[in-house]
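One structure is given below, encoded as structure tokens.
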Amino acid sequence: MRVGVLGIGKTPHKIQHEKSLKDLAVEAGRKALHDAGVSPSDIQMLYVGNVGSVGFNYENSTALMVAHHLGVVPAGAVRVEAACGTGAWALHLGCVAIASGLYDTVMVMGCEKMNDLATVEGTSIIAQAADSKEEYFSGLTFPSGTALTARKYMQAYGVTEEDLAHTSVKNHYYGARNPSAHLRFECTVEEVMNSAKVADPLKLYEVCPMTDAASAIVLCRPEILEAQQSRPQVYVTATSMGSGTWYQATDSLDDGYNLFARPAARAYEMAGVTAKDIDVAEIYNSFSIQEPLGIEGLGFAKQGQGWKGAKDGSTWLDGKIAVNLSGGLLCKGHPLGATGATQAVDVIEQLRGTAPEGTQRADAQIGISACRGGPGSVGAIHIYQREG
Amino acid sequence: MTVSAIEFSRLGPSKLHLFAMKCSKCKELSPWWERSHCYKCGHDTLTEFELAGTGEITNYTVVYYPPREFLGQEPYVVGHILMDEGVTLPAPVMGVNPADVEVGTRVAATLRRMKLGHEGDIYYSYKFVVDDEPAPKKKAPAKKPTARRAPAKKK
Amino acid sequence: MATLTSYGAYVPQYRAPLGEIQKFFGRPGRPRSRALATPGLDEDTLTMAFEAAREALKGERGVGAVITATQAPPFALRKLSSTLARALRLDDGAVHIDLGANATGLLDAFRIAATLDVGPTLVVATDHLVSYQARVADVLSAGAATAFLVDPRTSGFATLGQQARVHDEVFDVWMLGREQEPRFRMEVLFNAYAAATGRAVTALEAITDRPTGRYTSICPSQPHPQVLRGLARVGAKPEQIAGTSFVGDIGNVGAASVGLALCLGLDASRKGSNLLALAYGGGEAVAQDISVTSKPKGVDTRSKIDGGEPIAVGTYYRWIEGRQQSPH
């Protein structure tokens with residue numbers, strides 16, 4: 001598969017009380033159009049990922065609203081939703097649209113505005129992305145549900161809270177250097193350990209903030225991008241999606257591993273590469289434990305070993321495989337519908353060589369983004385390649 | 001979460017009881033929400049199987065930032081409880097200092113208020129309290145909390 | 001003759017610091033109770049009833065009737081007794097009866113249970129009349145539940161004997177319709193309690209020929225320590241109520257009060273003991289003769305009262321505020 005990346009754009013990722021959901025989506029969309037050098041009328045289909053606007057913003061029909069205000073009418077527009085994997089799903093549908101041959105140029109977008117409501121309301125709405133009536137009826141929320149996975153991992157592999165804290169240290173190091181990140185401060189292992197408890201064993205610096213943001217990508221048939229050699233020649237070379245359990249109670253560590261490992265296997269085959277060929281990775285980590293799990297699922301480390309790279313340097317900028325040079329979701333936040341699209345934008349920037357200073361991997365050629373959603377329900381893998 | 005009165009009528013009564021779902025094919029127990037899907041073998045016919053109410057904690061977290069319905073009760077423990085019959089359920093564990101809870105603590109079920117539906121009535125359901133009684137002699141073999149399926153193999 | 005075959009008691013584990021609450025509101029005087037047994041935010045009269053009933057039933061499901069007595073049902077327009085029966089998975093077809101109105105409900109329920117011919121009857125008295133702010137210093141509101149299995153056919157460990165009843169029109173403690181908390185005149189309560197219970201025990205003496213002073217113990221409902229002192233006027237000796245007094249430890253548990261006193265009396269009883277259950281509410285008093293025919297298996301009610309976990313005054317008020325927002 002080979003889908004051209006014609007343009008990318010994203011808003012800052014932080015609390016932005018002055019911007020509505022519509023404002024964020026239009027801002028990202030316009031940036032992507034401008035970067036692609038196309039006008040709204042060139043977009044033949046719009047995919048807008050959004051998870052919770054009914055709850056957060058008391059509005060539905062996000063794609064129809066964005067299509068109107070971005071000016072892509074009369075092209076078709078549809079909303080995409082797959083819990084926290086939404087942005088990656090929008091990207092997948094865009095790739096499928098191009099690969100099918102039915103469309104030449106499409107836009108995919110993810111957007112979310114979470115901060116119009118108080119934290120406790122927001123947490124309850126996010127919980128609707130899991131089973132709020134059955135499993136989360138027991139007083140769980142996403143942080144506490146994931147905390148159960150963290151403890152399971154620690155028990156199974158003899159990993160301590162301090163071992164896991166290194167993941168936050170690495171993410172914050174790069175988040176501090178990312179101008180569009182929500183949290184921009186470095187921290188030490190001790191500061192992570194002393195940060196306030198959110199859901200034992202997860203602490204404040206191990207969970208992502210609630211963020212407002214939108215990210216967009218203009219995709220095209222490869223011939224269109226090839227004909228514009230002055231543009232960075234970055235292509236999406238694999239898009240592989242899978243599902244997993246809807247309930248945390250019956251989710252095992254192997255289930256979590258397979259959530260990424262199965263679609264990753266197909267993705268590597270699709271792109272004609274192996275895990276060893278990857279230079280940069282954006283791995284979903286709304287909670288720090290998910291980064292080691294993702295590193296293992298993508299084949300960068302054995303099960304139970306994924307946490308080590310943050311401590312020994314092998315997942316830092318100059319390590320064997322650089323993971324989350326954007327600061328990850330821990331620093332960028334997790335605007336639910338936008339995240340998967342933001343991950344794509346961040347990998348593409350690495351391959352283009354336009355990542356912020358101090359976070360640019362030297363000569364990055366092949367990148368991967370891994371997004372997940374729900375209690376263990378969505379696995380979404382994309383591989384990107386720079387040519388020439 | 002908010003729930004309408006109609007939904008409450010549909011969901012409410014079953015929440016008073018502590019039960020699992022028993023697969024008519026493989027006889028294994030799945031959690032109570034698997035009304036049409038056996039987690040173990042995928043079969044589509046399951047029947048209610050009443051649980052005695054005792055079990056042990058195999059995993060837990062302590063919630064400091066609760067959802068709306070649990071406001072005022074934090075910090076509280078939510079555990080994965082391996083019931084003596086061999087099925088694991090998530091549930092709050094109340095009336096105990098979180099520091100006194102650990103994997104292996106025995107617990108027993110009781111009835112508690114869970115939340116008010118936004119249009120519905122009061123939801124009652126089971127929560128757990130620490131159980132001083134010893135484990136029953138004949139216990140279902142404890143299932144390990146991790147490996148259940150073999151890791152993915154590359155095609 | 002109706003007999004008791006089993007019983008259970010539930011006292012919530014939390015103890016609110018009445019002394020600090022009084023200080024907080026600048027109320028003078030010594031707190032009348034050491035602490036208040038306070039149900040957790042996720043507890044109410046139904047969940048407490050469930051706990052007590054489960055202890056009494058010990059897994060039994062074949063119950064012919066369920067009678068609940070409370071002044072604070074968590075919901076209206078639906079029976080507490082029915083919901084309790086459903087939660088306990090009792091057999092279909094049982095009679096469900098809700099009693100309300102005042103603190104004599106348990107003894108009213110015994111009277112009804114003795115006449116029903118439906119097999120074992122589960123009788124549960126449960127209460128938590130919440131008072132807000134300074135009022136709690138007078139009303140001593142606390143929560144608890146007690147459950148009894150009454151069987152007219154089999155012989156249990158105690159026989160429910162005769163009852164004597166009196167009623168006067170009194171305005172001591174009352175609540176209108178759906179009001180949030182009770183209104184009260186405590187001094188009227190103290191006098192009315194003494195007057196009505198006095199007439200009730202005198203009437204019972206006439207029926208049973210057993211003088212009040214000859215009971216092994218007296219198990220009185222007790223909204224306030226003052227009413228226990230007043231019992232001396234009706235012929236009660238201190239040793240008869242020493243073992244069944246608890247209001248000075250955990251406060252006023254409303255309709256569950258006479259039940260809790262009775263549980264204490266039964267725990268300490270043996271073959272040949274005679275207990276006098278005595279309940280007062282809203283001007284009405286009921287005196288019940290109970291003869292213990294074999295030593296019952298106790299439920300250690302005293303430990304449930306004496307145990308408990310102190311909560312801070314801030315926690316107490318955070319819960320009270322939570323209760324006002326979602327009333328229960």
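By convention here, the chains of the structure tokens are called A, B, ... in the order presented, each chain's residues are numbered starting at 1, and ligands are numbered starting at 1 in the order presented.
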
Could you give me, as a ChimeraX atom specification, the residues within 10 Å of segment 67-83 of chain A, counting only C-alpha atoms and dropping anything in the same chain fewer than 4 positions from it?
/A:22-23,25-30,33,39-52,60-63,87-91,93,106-110,126,128-130,243,336-337,372-375,377-378

Now that the selection is made, can you save its residues with N, CA and C atoms as a compact mmCIF listing (two decimals), in the first residue's frame?
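Below is the file that was written, again29.txt:
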# COMPACT_ATOMS: atom_id res chain seq x y z
N LYS A 22 -15.48 23.50 17.06
CA LYS A 22 -15.50 23.92 15.66
C LYS A 22 -14.24 24.72 15.33
N ASP A 23 -13.88 25.65 16.22
CA ASP A 23 -12.69 26.48 15.99
C ASP A 23 -11.45 25.61 15.85
N ALA A 25 -11.22 22.38 15.03
CA ALA A 25 -11.26 21.55 13.83
C ALA A 25 -10.93 22.38 12.59
N VAL A 26 -11.50 23.55 12.50
CA VAL A 26 -11.26 24.40 11.33
C VAL A 26 -9.80 24.86 11.29
N GLU A 27 -9.27 25.16 12.46
CA GLU A 27 -7.86 25.60 12.52
C GLU A 27 -6.93 24.51 11.99
N ALA A 28 -7.12 23.28 12.47
CA ALA A 28 -6.27 22.17 12.03
C ALA A 28 -6.49 21.90 10.55
N GLY A 29 -7.76 21.91 10.14
CA GLY A 29 -8.06 21.64 8.73
C GLY A 29 -7.41 22.65 7.81
N ARG A 30 -7.47 23.91 8.18
CA ARG A 30 -6.89 24.96 7.33
C ARG A 30 -5.38 24.84 7.26
N LEU A 33 -4.62 22.04 4.87
CA LEU A 33 -4.88 22.46 3.48
C LEU A 33 -3.75 23.35 2.99
N SER A 39 -6.92 23.64 -2.02
CA SER A 39 -8.03 24.40 -1.45
C SER A 39 -9.12 23.43 -1.01
N PRO A 40 -10.06 23.89 -0.18
CA PRO A 40 -11.12 23.00 0.31
C PRO A 40 -11.83 22.26 -0.81
N SER A 41 -11.99 22.90 -1.97
CA SER A 41 -12.73 22.24 -3.04
C SER A 41 -11.99 21.05 -3.62
N ASP A 42 -10.69 20.92 -3.32
CA ASP A 42 -9.95 19.75 -3.80
C ASP A 42 -10.22 18.51 -2.96
N ILE A 43 -10.77 18.71 -1.76
CA ILE A 43 -11.01 17.57 -0.85
C ILE A 43 -12.27 16.85 -1.32
N GLN A 44 -12.12 15.55 -1.61
CA GLN A 44 -13.23 14.78 -2.14
C GLN A 44 -14.00 14.01 -1.07
N MET A 45 -13.40 13.91 0.12
CA MET A 45 -14.08 13.22 1.22
C MET A 45 -13.43 13.67 2.50
N LEU A 46 -14.25 13.87 3.53
CA LEU A 46 -13.75 14.31 4.83
C LEU A 46 -14.13 13.30 5.90
N TYR A 47 -13.12 12.83 6.64
CA TYR A 47 -13.38 11.93 7.76
C TYR A 47 -13.01 12.68 9.04
N VAL A 48 -14.00 12.87 9.92
CA VAL A 48 -13.73 13.62 11.16
C VAL A 48 -13.89 12.68 12.35
N GLY A 49 -12.78 12.47 13.05
CA GLY A 49 -12.84 11.63 14.24
C GLY A 49 -13.17 12.47 15.46
N ASN A 50 -14.16 12.02 16.20
CA ASN A 50 -14.51 12.70 17.45
C ASN A 50 -15.22 11.69 18.33
N VAL A 51 -14.89 11.69 19.60
CA VAL A 51 -15.44 10.67 20.50
C VAL A 51 -16.61 11.17 21.33
N GLY A 52 -16.43 12.32 22.01
CA GLY A 52 -17.38 12.65 23.07
C GLY A 52 -18.09 13.96 22.97
N ASN A 60 -23.66 16.98 18.45
CA ASN A 60 -23.37 15.70 17.80
C ASN A 60 -22.79 15.98 16.42
N SER A 61 -23.13 15.29 15.42
CA SER A 61 -22.87 15.62 14.00
C SER A 61 -21.63 16.44 13.71
N THR A 62 -20.48 16.04 14.34
CA THR A 62 -19.27 16.85 14.23
C THR A 62 -18.81 17.01 12.78
N ALA A 63 -18.84 15.93 12.01
CA ALA A 63 -18.31 15.99 10.64
C ALA A 63 -19.12 16.96 9.78
N GLY A 87 -8.84 8.73 16.05
CA GLY A 87 -8.01 9.46 15.09
C GLY A 87 -7.31 8.51 14.14
N ALA A 88 -6.84 7.37 14.67
CA ALA A 88 -6.18 6.38 13.82
C ALA A 88 -7.18 5.76 12.85
N TRP A 89 -8.40 5.60 13.32
CA TRP A 89 -9.44 5.05 12.44
C TRP A 89 -9.79 6.01 11.31
N ALA A 90 -9.79 7.30 11.61
CA ALA A 90 -10.05 8.27 10.54
C ALA A 90 -8.95 8.14 9.50
N LEU A 91 -7.71 8.00 9.97
CA LEU A 91 -6.58 7.83 9.06
C LEU A 91 -6.75 6.55 8.23
N LEU A 93 -9.50 4.96 7.39
CA LEU A 93 -10.56 5.10 6.38
C LEU A 93 -10.09 5.97 5.23
N VAL A 106 -8.20 13.19 -0.09
CA VAL A 106 -9.17 13.24 1.02
C VAL A 106 -8.49 13.90 2.21
N MET A 107 -9.34 14.32 3.19
CA MET A 107 -8.78 14.82 4.44
C MET A 107 -9.27 13.95 5.58
N VAL A 108 -8.35 13.64 6.48
CA VAL A 108 -8.73 12.96 7.70
C VAL A 108 -8.38 13.87 8.87
N MET A 109 -9.19 13.80 9.90
CA MET A 109 -9.03 14.73 11.02
C MET A 109 -9.47 14.07 12.32
N GLY A 110 -8.87 14.51 13.41
CA GLY A 110 -9.37 14.12 14.72
C GLY A 110 -9.45 15.37 15.56
N ILE A 126 -15.75 10.27 29.69
CA ILE A 126 -14.72 9.41 29.11
C ILE A 126 -15.04 7.95 29.42
N GLN A 128 -17.67 6.55 29.33
CA GLN A 128 -18.64 5.99 28.39
C GLN A 128 -17.94 5.29 27.24
N ALA A 129 -16.64 5.55 27.08
CA ALA A 129 -15.88 4.85 26.04
C ALA A 129 -15.52 3.45 26.51
N ALA A 130 -15.87 3.14 27.72
CA ALA A 130 -15.77 1.76 28.20
C ALA A 130 -17.17 1.38 28.63
N SER A 243 -9.35 -5.41 16.82
CA SER A 243 -10.13 -5.14 18.03
C SER A 243 -9.74 -6.12 19.13
N LEU A 336 -9.39 12.91 23.00
CA LEU A 336 -9.75 11.56 22.58
C LEU A 336 -9.74 11.32 21.07
N GLY A 337 -10.51 12.12 20.35
CA GLY A 337 -10.65 11.85 18.92
C GLY A 337 -9.45 12.31 18.12
N ARG A 372 -4.37 2.92 20.56
CA ARG A 372 -5.30 1.94 21.13
C ARG A 372 -6.52 2.66 21.66
N GLY A 373 -7.55 1.88 21.96
CA GLY A 373 -8.77 2.52 22.45
C GLY A 373 -9.56 1.59 23.34
N GLY A 374 -10.42 2.20 24.16
CA GLY A 374 -11.28 1.41 25.02
C GLY A 374 -10.48 0.68 26.09
N PRO A 375 -11.13 -0.23 26.77
CA PRO A 375 -10.42 -0.96 27.82
C PRO A 375 -9.37 -1.92 27.26
N SER A 377 -9.77 -2.53 23.48
CA SER A 377 -10.69 -2.88 22.41
C SER A 377 -10.24 -2.47 21.01
N VAL A 378 -9.33 -1.52 20.90
CA VAL A 378 -8.92 -1.05 19.56
C VAL A 378 -7.41 -1.12 19.47

Could you pull out the strand (DSSP E) residues of segment 66-307 of chain C, going by DSSP on the backbone, and write them as a PyMOL selection string?
chain C and resi 66-69+95-99+121-128+143-151+158-167+173-174+183-184+217-220+274-281+284-292

Next, the residues of the selection above should be written as a compact mmCIF listing (two decimals), in the first residue's frame with C-alpha atoms.
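Contents of selection.txt, as written:
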# COMPACT_ATOMS: atom_id res chain seq x y z
CA VAL C 66 -41.55 -10.06 54.89
CA ILE C 67 -42.47 -7.13 57.13
CA THR C 68 -40.25 -4.06 57.26
CA ALA C 69 -40.58 -1.28 59.82
CA VAL C 95 -46.55 -11.43 51.55
CA HIS C 96 -44.71 -8.10 51.67
CA ILE C 97 -45.79 -5.52 54.23
CA ASP C 98 -44.22 -2.09 54.85
CA LEU C 99 -44.81 -0.47 58.24
CA THR C 121 -41.99 -14.43 58.64
CA LEU C 122 -38.97 -12.18 58.30
CA VAL C 123 -39.41 -9.04 60.37
CA VAL C 124 -36.88 -6.25 59.88
CA ALA C 125 -36.67 -2.94 61.73
CA THR C 126 -34.22 -0.53 60.07
CA ASP C 127 -33.76 3.20 60.39
CA HIS C 128 -31.67 6.28 59.75
CA GLY C 143 -28.60 4.24 61.80
CA ALA C 144 -28.94 0.50 62.39
CA ALA C 145 -31.02 -2.54 61.43
CA THR C 146 -32.30 -5.63 63.22
CA ALA C 147 -33.99 -8.72 61.80
CA PHE C 148 -36.02 -11.51 63.37
CA LEU C 149 -37.44 -14.71 61.98
CA VAL C 150 -40.87 -15.38 63.49
CA ASP C 151 -42.47 -18.78 63.05
CA ALA C 158 -38.29 -17.79 72.47
CA THR C 159 -42.05 -17.37 72.56
CA LEU C 160 -43.67 -14.05 71.69
CA GLY C 161 -46.19 -13.54 74.48
CA GLN C 162 -48.85 -10.97 75.16
CA GLN C 163 -48.78 -7.32 74.18
CA ALA C 164 -50.28 -4.25 75.86
CA ARG C 165 -50.83 -1.04 73.91
CA VAL C 166 -51.66 2.55 74.80
CA HIS C 167 -51.84 5.69 72.73
CA VAL C 173 -41.26 14.39 67.50
CA TRP C 174 -42.98 14.61 64.14
CA ARG C 183 -39.30 18.51 64.17
CA PHE C 184 -39.04 17.86 67.88
CA SER C 217 -34.15 -7.66 81.27
CA ILE C 218 -36.12 -4.83 79.78
CA CYS C 219 -35.39 -4.04 76.13
CA PRO C 220 -36.61 -0.50 75.51
CA ASN C 274 -38.10 -13.37 80.46
CA LEU C 275 -37.67 -10.24 78.38
CA LEU C 276 -39.90 -7.18 78.26
CA ALA C 277 -39.66 -5.41 74.90
CA LEU C 278 -40.90 -1.85 75.21
CA ALA C 279 -41.33 0.60 72.32
CA TYR C 280 -42.54 4.18 72.21
CA GLY C 281 -43.24 6.49 69.31
CA GLU C 284 -47.96 5.29 71.36
CA ALA C 285 -46.36 2.64 73.56
CA VAL C 286 -46.28 -1.13 73.12
CA ALA C 287 -45.08 -3.57 75.78
CA GLN C 288 -44.35 -7.16 74.71
CA ASP C 289 -43.71 -10.20 76.89
CA ILE C 290 -41.09 -12.63 75.53
CA SER C 291 -40.12 -15.93 77.16
CA VAL C 292 -36.85 -17.57 76.24

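Of note, atom CA of Ala56 of chain C and atom CA of Leu89 of chain B are spaced 26.9 Å apart.
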
Mind dumping a table of every chain B residue within 8 Å of chain C, with the nearest atom pair and its distance in Å to one decimal, using only C-alpha atoms, sorted by chain and rising number, as CSV?
residue,atom,partner,partner_atom,distance
B:Leu16,CA,C:Ala87,CA,5.1
B:His17,CA,C:Ala87,CA,6.1
B:Gly72,CA,C:Trp319,CA,6.6
B:Gln73,CA,C:Leu41,CA,6.8
B:Gly95,CA,C:Gln13,CA,7.7
B:Thr110,CA,C:Glu51,CA,7.2
B:Leu111,CA,C:Thr47,CA,5.5
B:Arg112,CA,C:Thr47,CA,5.5
B:Arg113,CA,C:Asp42,CA,4.7
B:Met114,CA,C:Asp42,CA,6.6
B:Leu116,CA,C:Ser326,CA,7.7

What separation in Å, quoted to one decimal, exists between atom CA of Ala213 of chain A and atom CA of Leu71 of chain B?
28.5 Å

Expected answer as a short mmCIF file (atom, residue, chain, number, x, y, z; two decimals) with N, CA and C atoms, in the first residue's frame: chain A residues within 7 Å of chain B, only C-alpha atoms:
data_model
loop_
_atom_site.label_atom_id
_atom_site.label_comp_id
_atom_site.auth_asym_id
_atom_site.auth_seq_id
_atom_site.Cartn_x
_atom_site.Cartn_y
_atom_site.Cartn_z
N VAL A 120 -14.61 15.97 37.06
CA VAL A 120 -15.42 14.82 37.45
C VAL A 120 -16.47 14.50 36.38
N GLU A 121 -17.00 15.54 35.73
CA GLU A 121 -17.95 15.32 34.65
C GLU A 121 -17.24 14.69 33.46
N THR A 123 -14.48 12.96 33.41
CA THR A 123 -14.09 11.58 33.68
C THR A 123 -15.25 10.64 33.45
N SER A 124 -16.43 11.06 33.87
CA SER A 124 -17.61 10.21 33.70
C SER A 124 -17.95 10.06 32.23
N SER A 132 -19.66 1.74 30.90
CA SER A 132 -19.96 2.50 32.11
C SER A 132 -21.12 1.89 32.88
N LYS A 133 -21.96 1.12 32.20
CA LYS A 133 -23.14 0.61 32.89
C LYS A 133 -22.87 -0.72 33.57
N GLU A 134 -21.86 -1.41 33.09
CA GLU A 134 -21.62 -2.73 33.66
C GLU A 134 -20.30 -2.74 34.42
N GLU A 135 -19.20 -2.75 33.69
CA GLU A 135 -17.93 -2.88 34.40
C GLU A 135 -17.58 -1.64 35.20
N SER A 138 -18.76 -0.42 38.77
CA SER A 138 -18.11 -0.77 40.03
C SER A 138 -17.25 0.36 40.57
N GLY A 139 -17.37 1.57 40.04
CA GLY A 139 -16.61 2.69 40.57
C GLY A 139 -15.30 2.91 39.85
N LEU A 140 -15.10 2.18 38.73
CA LEU A 140 -13.88 2.36 37.96
C LEU A 140 -14.03 3.53 37.00
N THR A 141 -12.90 4.05 36.58
CA THR A 141 -12.84 5.05 35.53
C THR A 141 -11.67 4.59 34.67
N SER A 144 -8.41 4.32 36.77
CA SER A 144 -8.36 3.23 37.74
C SER A 144 -8.44 1.88 37.05
N ALA A 147 -5.03 1.28 35.94
CA ALA A 147 -4.18 1.02 37.11
C ALA A 147 -4.19 -0.47 37.44
N LEU A 148 -5.33 -1.12 37.22
CA LEU A 148 -5.40 -2.56 37.45
C LEU A 148 -4.44 -3.29 36.50
N ARG A 151 -0.86 -2.88 37.79
CA ARG A 151 -0.51 -3.77 38.90
C ARG A 151 -0.31 -5.20 38.40
N LYS A 152 -1.14 -5.60 37.44
CA LYS A 152 -1.01 -6.95 36.87
C LYS A 152 0.36 -7.13 36.24
N LYS A 197 -1.24 10.67 44.05
CA LYS A 197 -1.86 9.44 43.57
C LYS A 197 -3.16 9.78 42.84
N VAL A 198 -3.33 9.11 41.69
CA VAL A 198 -4.59 9.25 40.97
C VAL A 198 -5.41 7.99 41.13
N ALA A 199 -4.80 6.86 40.82
CA ALA A 199 -5.43 5.56 41.03
C ALA A 199 -4.28 4.60 41.25
N ASP A 200 -4.12 4.19 42.46
CA ASP A 200 -2.97 3.36 42.83
C ASP A 200 -2.79 2.18 41.89
N PRO A 201 -1.62 1.90 41.28
CA PRO A 201 -0.34 2.57 41.52
C PRO A 201 -0.02 3.74 40.60
N ALA A 249 -12.03 -6.64 33.15
CA ALA A 249 -12.01 -7.73 34.12
C ALA A 249 -11.48 -9.02 33.50
N SER A 252 -6.39 -10.10 29.76
CA SER A 252 -5.13 -10.60 30.31
C SER A 252 -3.98 -9.80 29.71
N LEU A 253 -2.78 -9.98 30.28
CA LEU A 253 -1.60 -9.29 29.72
C LEU A 253 -1.35 -9.77 28.29
N ASP A 254 -1.64 -11.02 28.02
CA ASP A 254 -1.46 -11.52 26.64
C ASP A 254 -2.46 -10.88 25.69
N ASN A 258 -1.44 -8.91 22.36
CA ASN A 258 -1.99 -9.25 21.04
C ASN A 258 -2.74 -8.09 20.41
N ALA A 261 0.14 -6.69 18.74
CA ALA A 261 0.99 -7.64 18.01
C ALA A 261 0.31 -8.17 16.74
N ARG A 262 -0.99 -8.45 16.83
CA ARG A 262 -1.68 -9.01 15.65
C ARG A 262 -1.74 -8.03 14.49
N ALA A 265 1.78 -7.31 13.07
CA ALA A 265 2.33 -8.34 12.18
C ALA A 265 1.88 -8.10 10.74
#

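We find atom CA of Gly104 of chain B and atom CA of Gln155 of chain A to be spaced 12.6 Å apart.
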
Which of segment 4-201 of chain C fall in alpha helix (DSSP H), as a PyMOL selection string:
chain C and resi 18-24+45-57+80-87+105-115+136-139+186-201
